file start-v9.csv (CSV, C-alpha atoms)
chain,number,residue,atom,x,y,z
F,13,MET,CA,38.2,36.7,121.9
F,14,PHE,CA,36.4,38.8,119.3
F,15,PRO,CA,32.6,38.3,119.2
F,16,SER,CA,32.8,37.7,115.4
F,17,VAL,CA,35.2,34.8,116.0
F,18,ILE,CA,32.9,33.3,118.7
F,19,VAL,CA,29.9,33.6,116.3
F,20,SER,CA,31.9,32.0,113.5
F,21,ARG,CA,32.9,29.0,115.7
F,22,LEU,CA,29.3,28.6,116.9
F,23,LEU,CA,28.1,28.6,113.3
F,24,ILE,CA,30.7,26.0,112.3
F,25,SER,CA,29.7,23.8,115.3
F,26,LEU,CA,26.0,24.1,114.3
F,27,ALA,CA,26.8,23.1,110.8
F,28,LEU,CA,28.7,20.0,111.9
F,29,VAL,CA,25.7,19.0,114.1
F,30,LEU,CA,23.4,19.4,111.1
F,31,VAL,CA,25.6,17.4,108.8
F,32,THR,CA,25.9,14.6,111.4
F,33,ALA,CA,22.1,14.6,111.9
F,34,GLY,CA,21.6,14.6,108.1
F,35,HIS,CA,23.9,11.6,107.8
F,36,ALA,CA,22.1,9.7,110.5
F,37,ALA,CA,18.8,10.4,108.8
F,38,ALA,CA,20.2,9.3,105.5
F,39,GLN,CA,21.0,5.9,107.1
F,40,ASP,CA,17.4,5.6,108.2
F,41,ARG,CA,16.1,5.8,111.8
F,42,ARG,CA,15.4,2.1,111.9
F,43,GLN,CA,19.1,1.5,112.4
F,44,ASN,CA,19.6,-2.2,111.5
F,45,ALA,CA,16.5,-3.6,113.1
F,46,PRO,CA,16.0,-7.0,111.5
F,47,GLY,CA,13.1,-7.1,109.0
F,48,GLU,CA,12.6,-3.3,109.0
F,49,PHE,CA,13.6,-2.3,105.5
F,50,ASP,CA,11.9,-1.1,102.3
F,51,PHE,CA,13.0,-3.2,99.4
F,52,TYR,CA,15.7,-5.7,98.2
F,53,VAL,CA,18.5,-5.3,95.7
F,54,LEU,CA,19.4,-8.5,93.8
F,55,ALA,CA,23.1,-8.1,92.9
F,56,LEU,CA,24.2,-10.2,89.9
F,57,SER,CA,28.0,-10.3,89.5
F,58,TRP,CA,29.7,-10.9,86.1
F,59,SER,CA,31.9,-13.8,87.1
F,60,PRO,CA,34.5,-13.4,84.3
F,61,SER,CA,35.3,-9.9,85.5
F,62,PHE,CA,35.8,-11.1,89.1
F,63,CYS,CA,38.1,-13.8,87.8
F,64,GLU,CA,40.2,-11.5,85.6
F,65,ALA,CA,40.6,-9.0,88.5
F,66,ALA,CA,41.5,-11.9,90.9
F,67,SER,CA,44.1,-13.1,88.4
F,68,GLU,CA,45.6,-9.7,88.0
F,69,ARG,CA,45.9,-9.3,91.8
F,70,GLY,CA,47.5,-12.7,92.1
F,71,ASN,CA,44.6,-13.9,94.2
F,72,SER,CA,44.6,-17.7,93.9
F,73,GLY,CA,42.6,-18.2,97.1
F,74,ARG,CA,40.2,-21.0,97.5
F,75,SER,CA,37.1,-18.9,96.8
F,76,ALA,CA,38.6,-17.6,93.5
F,77,GLN,CA,39.6,-21.1,92.5
F,78,ILE,CA,36.2,-22.6,93.2
F,79,GLN,CA,34.4,-19.9,91.2
F,80,CYS,CA,36.9,-19.4,88.4
F,81,GLU,CA,37.5,-22.9,87.4
F,82,ARG,CA,33.9,-23.2,86.2
F,83,PRO,CA,32.2,-21.4,83.2
F,84,PHE,CA,29.9,-19.0,85.2
F,85,SER,CA,28.4,-16.0,83.6
F,86,PHE,CA,26.2,-14.0,86.0
F,87,VAL,CA,26.3,-15.3,89.6
F,88,VAL,CA,24.4,-14.1,92.6
F,89,HIS,CA,26.4,-11.8,94.8
F,90,GLY,CA,23.5,-11.3,97.2
F,91,LEU,CA,20.0,-10.2,98.0
F,92,TRP,CA,20.4,-7.0,100.1
F,93,PRO,CA,17.7,-5.3,102.3
F,94,GLN,CA,17.6,-1.6,101.6
F,95,TYR,CA,16.1,1.6,103.0
F,96,GLU,CA,15.0,4.3,100.6
F,97,ARG,CA,18.1,6.0,101.7
F,98,GLY,CA,21.0,3.8,102.9
F,99,PHE,CA,20.9,0.2,104.0
F,100,PRO,CA,21.1,-2.0,107.1
F,101,GLU,CA,23.9,-4.4,107.7
F,102,TYR,CA,25.1,-6.9,110.3
F,103,CYS,CA,21.7,-6.8,112.1
F,104,GLN,CA,22.5,-9.5,114.6
F,105,ARG,CA,25.9,-9.8,116.4
F,106,PRO,CA,26.9,-12.5,116.6
F,107,SER,CA,24.8,-13.7,113.7
F,108,PRO,CA,23.0,-17.1,114.0
F,109,ARG,CA,25.3,-19.8,112.7
F,110,LEU,CA,24.5,-20.8,109.1
F,111,ASP,CA,23.9,-24.5,108.7
F,112,ARG,CA,26.5,-25.9,106.3
F,113,ASN,CA,23.8,-27.9,104.4
F,114,ILE,CA,22.1,-24.6,103.5
F,115,MET,CA,25.4,-23.2,102.3
F,116,THR,CA,26.1,-26.1,100.0
F,117,SER,CA,22.6,-26.0,98.6
F,118,MET,CA,23.4,-22.5,97.2
F,119,LEU,CA,26.6,-23.2,95.5
F,120,ASP,CA,25.0,-23.4,92.1
F,121,LEU,CA,24.0,-19.7,92.3
F,122,MET,CA,26.7,-18.4,94.7
F,123,PRO,CA,29.8,-20.3,93.8
F,124,ALA,CA,32.0,-19.6,96.9
F,125,PRO,CA,31.3,-20.8,100.4
F,126,GLY,CA,32.9,-17.7,101.9
F,127,LEU,CA,30.6,-15.5,99.9
F,128,ILE,CA,27.5,-17.3,101.2
F,129,PHE,CA,28.5,-17.2,104.8
F,130,ASN,CA,29.4,-13.5,104.5
F,131,GLU,CA,26.1,-12.6,102.8
F,132,TRP,CA,24.2,-14.3,105.6
F,133,ASP,CA,26.1,-12.4,108.3
F,134,LYS,CA,26.0,-9.0,106.6
F,135,HIS,CA,22.6,-9.0,104.7
F,136,GLY,CA,20.6,-12.1,105.6
F,137,THR,CA,20.4,-11.2,109.3
F,138,CYS,CA,18.7,-7.9,108.3
F,139,SER,CA,15.9,-9.7,106.3
F,140,GLY,CA,14.0,-10.7,109.4
F,141,LEU,CA,13.9,-14.2,108.0
F,142,GLY,CA,15.5,-17.4,109.2
F,143,ALA,CA,18.5,-18.7,107.1
F,144,ARG,CA,16.6,-21.2,105.1
F,145,ALA,CA,13.8,-18.8,104.2
F,146,TYR,CA,16.3,-16.1,103.3
F,147,PHE,CA,18.2,-18.3,100.9
F,148,GLU,CA,15.0,-19.6,99.5
F,149,ASN,CA,14.2,-15.9,98.8
F,150,ILE,CA,17.5,-15.5,97.0
F,151,ARG,CA,16.6,-18.5,94.8
F,152,LYS,CA,13.2,-17.1,94.1
F,153,ALA,CA,14.6,-13.6,93.3
F,154,ARG,CA,17.2,-15.1,90.9
F,155,ALA,CA,14.5,-17.2,89.2
F,156,ALA,CA,12.4,-14.0,88.7
F,157,VAL,CA,15.2,-12.4,86.6
F,158,LYS,CA,15.9,-13.8,83.1
F,159,ILE,CA,19.4,-13.4,81.8
F,160,PRO,CA,19.5,-12.3,78.2
F,161,GLU,CA,20.5,-15.2,76.0
F,162,GLU,CA,23.6,-13.4,74.5
F,163,PHE,CA,25.3,-13.3,77.9
F,164,LEU,CA,24.9,-16.9,79.0
F,165,GLN,CA,27.8,-18.3,77.0
F,166,LEU,CA,29.7,-15.2,75.9
F,167,SER,CA,32.7,-16.7,74.0
F,168,GLU,CA,34.5,-13.4,73.2
F,169,SER,CA,35.1,-10.2,75.0
F,170,LYS,CA,32.3,-7.8,74.5
F,171,THR,CA,32.2,-4.0,74.9
F,172,ILE,CA,28.8,-2.5,75.6
F,173,ALA,CA,27.2,0.7,76.9
F,174,PRO,CA,25.6,0.4,80.3
F,175,GLU,CA,22.3,1.6,78.8
F,176,ALA,CA,22.4,-1.1,76.2
F,177,LEU,CA,23.1,-3.8,78.9
F,178,GLU,CA,20.1,-2.5,80.9
F,179,ALA,CA,18.0,-2.5,77.8
F,180,ALA,CA,18.9,-6.1,77.1
F,181,PHE,CA,17.6,-7.1,80.5
F,182,ILE,CA,14.5,-5.0,80.2
F,183,LYS,CA,13.6,-6.6,76.9
F,184,VAL,CA,13.5,-10.1,78.3
F,185,ASN,CA,12.0,-9.2,81.7
F,186,PRO,CA,8.4,-7.9,81.5
F,187,GLY,CA,7.7,-5.3,84.1
F,188,LEU,CA,11.4,-4.4,84.6
F,189,SER,CA,12.0,-0.7,83.9
F,190,SER,CA,15.2,1.4,83.6
F,191,SER,CA,14.4,2.9,87.1
F,192,ALA,CA,14.7,-0.6,88.7
F,193,ILE,CA,18.0,-1.7,87.3
F,194,SER,CA,21.5,-0.3,87.4
F,195,VAL,CA,24.9,-1.4,86.0
F,196,VAL,CA,28.0,-1.2,88.2
F,197,CYS,CA,31.5,-1.1,86.8
F,198,SER,CA,35.0,-1.6,88.3
F,199,SER,CA,37.6,0.2,86.4
F,200,ARG,CA,36.7,-0.5,82.7
F,201,ARG,CA,35.0,-3.9,83.4
F,202,LEU,CA,31.4,-4.7,84.1
F,203,SER,CA,31.1,-5.6,87.7
F,204,GLU,CA,27.4,-6.2,88.5
F,205,VAL,CA,23.9,-5.7,87.4
F,206,ARG,CA,21.6,-4.7,90.3
F,207,VAL,CA,17.9,-5.2,90.2
F,208,CYS,CA,15.5,-3.6,92.7
F,209,MET,CA,12.7,-5.8,94.0
F,210,SER,CA,9.9,-5.3,96.6
F,211,LYS,CA,9.7,-7.5,99.6
F,212,ASP,CA,7.5,-9.9,97.6
F,213,LEU,CA,10.1,-9.9,94.9
F,214,GLN,CA,8.4,-7.8,92.3
F,215,PHE,CA,10.4,-5.3,90.2
F,216,ARG,CA,10.3,-1.8,91.7
F,217,SER,CA,12.1,1.6,91.1
F,218,CYS,CA,15.0,2.7,93.3
F,219,GLU,CA,16.4,6.1,92.7
F,220,GLU,CA,19.3,5.9,95.1
F,221,ILE,CA,20.6,2.6,93.6
F,222,ASP,CA,20.4,4.2,90.1
F,223,ARG,CA,22.4,7.2,91.3
F,224,ARG,CA,25.3,4.8,92.2
F,225,ALA,CA,25.4,3.3,88.7
F,226,CYS,CA,28.4,3.2,86.3
F,227,ARG,CA,29.0,6.5,84.5
F,228,ARG,CA,31.3,5.1,81.8
F,229,ASP,CA,30.2,5.3,78.2
F,230,GLU,CA,31.2,1.6,77.7
F,231,VAL,CA,32.2,-1.4,79.9
F,232,VAL,CA,34.0,-4.6,78.9
F,233,MET,CA,32.5,-8.0,79.6
F,234,PRO,CA,35.4,-10.6,79.6
F,235,PRO,CA,34.3,-13.9,78.0
F,236,VAL,CA,32.9,-16.8,80.0
F,237,ARG,CA,35.7,-19.1,80.9
F,238,GLY,CA,35.8,-22.4,79.0
F,239,SER,CA,33.0,-21.3,76.6

call {"tool": "encode", "arguments": {"input": "start-v9.csv", "output": "structure tokens"}}
result
Amino acid sequence: MFPSVIVSRLLISLALVLVTAGHAAAQDRRQNAPGEFDFYVLALSWSPSFCEAASERGNSGRSAQIQCERPFSFVVHGLWPQYERGFPEYCQRPSPRLDRNIMTSMLDLMPAPGLIFNEWDKHGTCSGLGARAYFENIRKARAAVKIPEEFLQLSESKTIAPEALEAAFIKVNPGLSSSAISVVCSSRRLSEVRVCMSKDLQFRSCEEIDRRACRRDEVVMPPVRGS
């Protein structure tokens, strides 16, 4: 085999090792250790978009029925521990069983039992908190974010620029900046608003979350059902 070919293959192998090492570093060296993270993301889903998408897919499952038969606007998707780069998930396998009474206590904010159980398994176990304390943190985080009045009972479909949506939240939430909030879209619809918070639930910047934001010029907010 020609020396140049050998050198080329060695260089390719070295490049693959470096890429793999870089990916591991991007996922953070703490590797899913419970309680070892940098900040939270509070994910607020626009329920009417979820319900329209579920209807289009023919998804009439119990979770969709429970959520979509009620006039929800923004609902809590979850409170997610994050690294500065990457995030932990499923930090305890098997995860501690979630008490059903805790689940039912959260249905006013997270209107589907399956969602609540999944959020505990995937994200709550990474918080380093017990289940009751983790879901109390979700309630505190949601209480810390005011929803702009114009979105609470949206009676007609609204088209809005992601920047304008962020600005509406920033206006009614003192201390919230554009570097601490991002808008996520699915197809042409608004999917979520994500707010970055410190471990003590204060607004804080998060560059990586902002980089994943919706890049559309406008998103559609379907109206709140029954409004």

call {"tool": "closest_residue", "arguments": {"input": "start-v9.csv", "among": "F:Ala143, F:Leu127, F:Cys138, F:Val232", "to": "Val196 (chain F)", "atoms": "all atoms listed in the file"}}
result
F:Val232

call {"tool": "residues_around", "arguments": {"input": "start-v9.csv", "residues": "region 175-185 of chain F", "least_positions_apart": "6", "cutoff": "8 Å", "atoms": "only C-alpha atoms", "output": "PyMOL selection string"}}
result
chain F and resi 157-160+193-195

call {"tool": "write_last_selection", "arguments": {"input": "start-v9.csv", "atoms": "C-alpha atoms", "output": "CSV table (one decimal), in the coordinates of the input"}}
result
chain,number,residue,atom,x,y,z
F,157,VAL,CA,15.2,-12.4,86.6
F,158,LYS,CA,15.9,-13.8,83.1
F,159,ILE,CA,19.4,-13.4,81.8
F,160,PRO,CA,19.5,-12.3,78.2
F,193,ILE,CA,18.0,-1.7,87.3
F,194,SER,CA,21.5,-0.3,87.4
F,195,VAL,CA,24.9,-1.4,86.0

call {"tool": "residues_around", "arguments": {"input": "start-v9.csv", "residues": "Trp132 (chain F)", "least_positions_apart": "2", "cutoff": "9 Å", "atoms": "all atoms listed in the file", "output": "PDB file with C-alpha atoms, keeping the file's coordinate frame"}}
result
ATOM      1  CA  GLY F  90      23.500 -11.300  97.200  1.00  0.00           C
ATOM      2  CA  TYR F 102      25.100  -6.900 110.300  1.00  0.00           C
ATOM      3  CA  SER F 107      24.800 -13.700 113.700  1.00  0.00           C
ATOM      4  CA  PRO F 108      23.000 -17.100 114.000  1.00  0.00           C
ATOM      5  CA  LEU F 110      24.500 -20.800 109.100  1.00  0.00           C
ATOM      6  CA  LEU F 127      30.600 -15.500  99.900  1.00  0.00           C
ATOM      7  CA  ILE F 128      27.500 -17.300 101.200  1.00  0.00           C
ATOM      8  CA  PHE F 129      28.500 -17.200 104.800  1.00  0.00           C
ATOM      9  CA  ASN F 130      29.400 -13.500 104.500  1.00  0.00           C
ATOM     10  CA  LYS F 134      26.000  -9.000 106.600  1.00  0.00           C
ATOM     11  CA  HIS F 135      22.600  -9.000 104.700  1.00  0.00           C
ATOM     12  CA  GLY F 136      20.600 -12.100 105.600  1.00  0.00           C
ATOM     13  CA  THR F 137      20.400 -11.200 109.300  1.00  0.00           C
ATOM     14  CA  CYS F 138      18.700  -7.900 108.300  1.00  0.00           C
ATOM     15  CA  ALA F 143      18.500 -18.700 107.100  1.00  0.00           C
ATOM     16  CA  TYR F 146      16.300 -16.100 103.300  1.00  0.00           C
ATOM     17  CA  PHE F 147      18.200 -18.300 100.900  1.00  0.00           C
TER      18      PHE F 147
END

call {"tool": "atom_distance", "arguments": {"input": "start-v9.csv", "atom1": "CA of Val205 (chain F)", "atom2": "CA of Arg109 (chain F)"}}
result
29.0 Å

call {"tool": "closest_residue", "arguments": {"input": "start-v9.csv", "among": "F:Ile221, F:Cys226, F:Ala66, F:Leu56", "to": "Phe99 (chain F)", "atoms": "all atoms listed in the file"}}
result
F:Ile221

call {"tool": "atom_distance", "arguments": {"input": "start-v9.csv", "atom1": "CA of Glu81 (chain F)", "atom2": "CA of Asn113 (chain F)"}}
result
22.4 Å

call {"tool": "atom_distance", "arguments": {"input": "start-v9.csv", "atom1": "CA of Phe49 (chain F)", "atom2": "CA of Pro93 (chain F)"}}
result
6.0 Å

call {"tool": "residues_near_point", "arguments": {"input": "start-v9.csv", "point": "(33.9, -3.9, 82.6)", "cutoff": "10 Å", "atoms": "all atoms listed in the file", "output": "list of chain:residue names"}}
result
F:Trp58, F:Pro60, F:Ser61, F:Phe62, F:Ser169, F:Lys170, F:Thr171, F:Ile172, F:Ala173, F:Pro174, F:Val195, F:Val196, F:Cys197, F:Ser198, F:Ser199, F:Arg200, F:Arg201, F:Leu202, F:Ser203, F:Glu204, F:Cys226, F:Arg228, F:Glu230, F:Val231, F:Val232, F:Met233, F:Pro234

call {"tool": "closest_residue", "arguments": {"input": "start-v9.csv", "among": "F:Gln214, F:Glu68, F:Phe84, F:Asp50", "to": "Ala155 (chain F)", "atoms": "all atoms listed in the file"}}
result
F:Gln214

call {"tool": "closest_residue", "arguments": {"input": "start-v9.csv", "among": "F:Glu162, F:Glu101, F:Glu220, F:Glu96", "to": "Ala45 (chain F)", "atoms": "all atoms listed in the file"}}
result
F:Glu101

call {"tool": "closest_residue", "arguments": {"input": "start-v9.csv", "among": "F:Asn44, F:Arg69, F:Ala145, F:Ser57", "to": "Arg105 (chain F)", "atoms": "all atoms listed in the file"}}
result
F:Asn44

call {"tool": "decode", "arguments": {"input": "start-v9.csv", "residues": "region 22-156 of chain F", "atoms": "C-alpha atoms", "output": "compact mmCIF listing (two decimals), in the first residue's frame"}}
result
# COMPACT_ATOMS: atom_id res chain seq x y z
CA LEU F 22 -4.47 7.70 9.51
CA LEU F 23 -5.57 11.32 9.11
CA ILE F 24 -9.18 10.25 8.54
CA SER F 25 -9.06 8.03 11.65
CA LEU F 26 -7.62 10.88 13.70
CA ALA F 27 -10.33 13.22 12.46
CA LEU F 28 -13.04 10.73 13.48
CA VAL F 29 -11.52 10.44 16.96
CA LEU F 30 -11.47 14.22 17.32
CA VAL F 31 -15.07 14.55 16.14
CA THR F 32 -16.18 11.87 18.60
CA ALA F 33 -14.27 13.52 21.42
CA GLY F 34 -15.77 16.89 20.53
CA HIS F 35 -19.27 15.43 20.56
CA ALA F 36 -18.67 13.92 23.99
CA ALA F 37 -17.40 17.27 25.27
CA ALA F 38 -20.47 18.98 23.78
CA GLN F 39 -22.66 16.65 25.84
CA ASP F 40 -20.76 17.68 29.00
CA ARG F 41 -18.42 15.51 31.05
CA ARG F 42 -20.94 15.16 33.89
CA GLN F 43 -22.85 12.64 31.77
CA ASN F 44 -26.29 12.50 33.35
CA ALA F 45 -25.29 12.78 37.01
CA PRO F 46 -28.46 13.81 38.93
CA GLY F 47 -28.31 17.40 40.14
CA GLU F 48 -25.16 18.20 38.14
CA PHE F 49 -26.34 20.77 35.60
CA ASP F 50 -26.09 24.51 34.92
CA PHE F 51 -29.60 25.88 34.43
CA TYR F 52 -33.22 25.08 33.59
CA VAL F 53 -35.36 25.61 30.52
CA LEU F 54 -39.05 26.16 31.18
CA ALA F 55 -40.84 24.99 28.04
CA LEU F 56 -44.30 26.47 27.48
CA SER F 57 -46.23 24.79 24.69
CA TRP F 58 -48.96 26.53 22.69
CA SER F 59 -51.74 24.00 23.25
CA PRO F 60 -53.88 24.93 20.20
CA SER F 61 -50.95 24.08 17.88
CA PHE F 62 -50.54 20.69 19.53
CA CYS F 63 -54.26 20.02 19.14
CA GLU F 64 -54.36 21.04 15.47
CA ALA F 65 -51.37 18.85 14.69
CA ALA F 66 -52.89 15.92 16.60
CA SER F 67 -56.15 16.33 14.67
CA GLU F 68 -54.31 16.38 11.34
CA ARG F 69 -52.48 13.17 12.24
CA GLY F 70 -55.73 11.53 13.31
CA ASN F 71 -54.37 11.20 16.82
CA SER F 72 -57.38 10.82 19.08
CA GLY F 73 -55.49 9.20 21.93
CA ARG F 74 -56.40 9.82 25.53
CA SER F 75 -53.69 12.41 26.12
CA ALA F 76 -54.81 14.48 23.14
CA GLN F 77 -58.46 14.19 24.19
CA ILE F 78 -57.75 15.29 27.75
CA GLN F 79 -55.76 18.31 26.63
CA CYS F 80 -57.75 19.34 23.57
CA GLU F 81 -61.22 19.25 25.02
CA ARG F 82 -60.32 22.20 27.27
CA PRO F 83 -59.53 25.84 26.37
CA PHE F 84 -55.79 25.86 27.18
CA SER F 85 -53.44 28.52 25.84
CA PHE F 86 -49.83 28.02 27.01
CA VAL F 87 -49.29 24.85 29.02
CA VAL F 88 -46.13 23.58 30.67
CA HIS F 89 -44.26 21.04 28.60
CA GLY F 90 -41.51 20.70 31.17
CA LEU F 91 -38.70 22.12 33.26
CA TRP F 92 -35.50 20.75 31.77
CA PRO F 93 -32.06 20.68 33.41
CA GLN F 94 -29.42 21.87 30.91
CA TYR F 95 -25.67 22.02 30.53
CA GLU F 96 -24.14 25.07 28.88
CA ARG F 97 -23.73 22.70 25.95
CA GLY F 98 -26.11 19.79 25.71
CA PHE F 99 -28.37 18.39 28.39
CA PRO F 100 -28.80 15.36 30.67
CA GLU F 101 -31.72 12.95 30.38
CA TYR F 102 -32.98 9.76 32.04
CA CYS F 103 -30.53 10.17 34.92
CA GLN F 104 -31.93 7.26 36.94
CA ARG F 105 -32.80 3.93 35.34
CA PRO F 106 -35.23 2.70 36.38
CA SER F 107 -36.57 6.03 37.56
CA PRO F 108 -38.23 6.24 41.00
CA ARG F 109 -41.94 5.63 40.63
CA LEU F 110 -43.96 8.86 40.49
CA ASP F 111 -46.77 8.98 43.04
CA ARG F 112 -50.11 9.29 41.28
CA ASN F 113 -51.24 12.02 43.70
CA ILE F 114 -48.32 14.19 42.59
CA MET F 115 -49.28 13.58 38.96
CA THR F 116 -52.90 14.60 39.47
CA SER F 117 -51.82 17.73 41.35
CA MET F 118 -50.08 18.99 38.18
CA LEU F 119 -52.91 18.53 35.69
CA ASP F 120 -53.86 22.22 35.82
CA LEU F 121 -50.45 23.12 34.34
CA MET F 122 -49.54 19.96 32.42
CA PRO F 123 -52.86 18.64 31.14
CA ALA F 124 -51.93 15.04 30.25
CA PRO F 125 -50.93 12.27 32.68
CA GLY F 126 -48.60 10.66 30.15
CA LEU F 127 -46.70 13.93 29.74
CA ILE F 128 -46.20 14.30 33.49
CA PHE F 129 -44.89 10.75 33.94
CA ASN F 130 -42.55 11.16 30.96
CA GLU F 131 -41.20 14.51 32.16
CA TRP F 132 -40.35 12.99 35.53
CA ASP F 133 -38.55 10.02 33.98
CA LYS F 134 -36.64 12.03 31.36
CA HIS F 135 -35.97 15.37 33.06
CA GLY F 136 -37.06 15.29 36.70
CA THR F 137 -34.63 12.51 37.56
CA CYS F 138 -31.79 14.79 36.40
CA SER F 139 -32.76 17.63 38.76
CA GLY F 140 -31.32 15.98 41.86
CA LEU F 141 -34.66 16.63 43.58
CA GLY F 142 -37.33 14.28 44.83
CA ALA F 143 -40.50 14.13 42.76
CA ARG F 144 -42.54 16.41 45.00
CA ALA F 145 -39.80 19.07 45.13
CA TYR F 146 -39.23 18.86 41.35
CA PHE F 147 -42.89 19.44 40.52
CA GLU F 148 -43.07 22.23 43.11
CA ASN F 149 -40.20 23.81 41.19
CA ILE F 150 -42.21 23.52 37.98
CA ARG F 151 -45.10 25.33 39.63
CA LYS F 152 -42.76 28.05 40.95
CA ALA F 153 -41.09 28.47 37.54
CA ARG F 154 -44.45 28.76 35.79
CA ALA F 155 -45.64 31.32 38.37
CA ALA F 156 -42.49 33.38 37.69
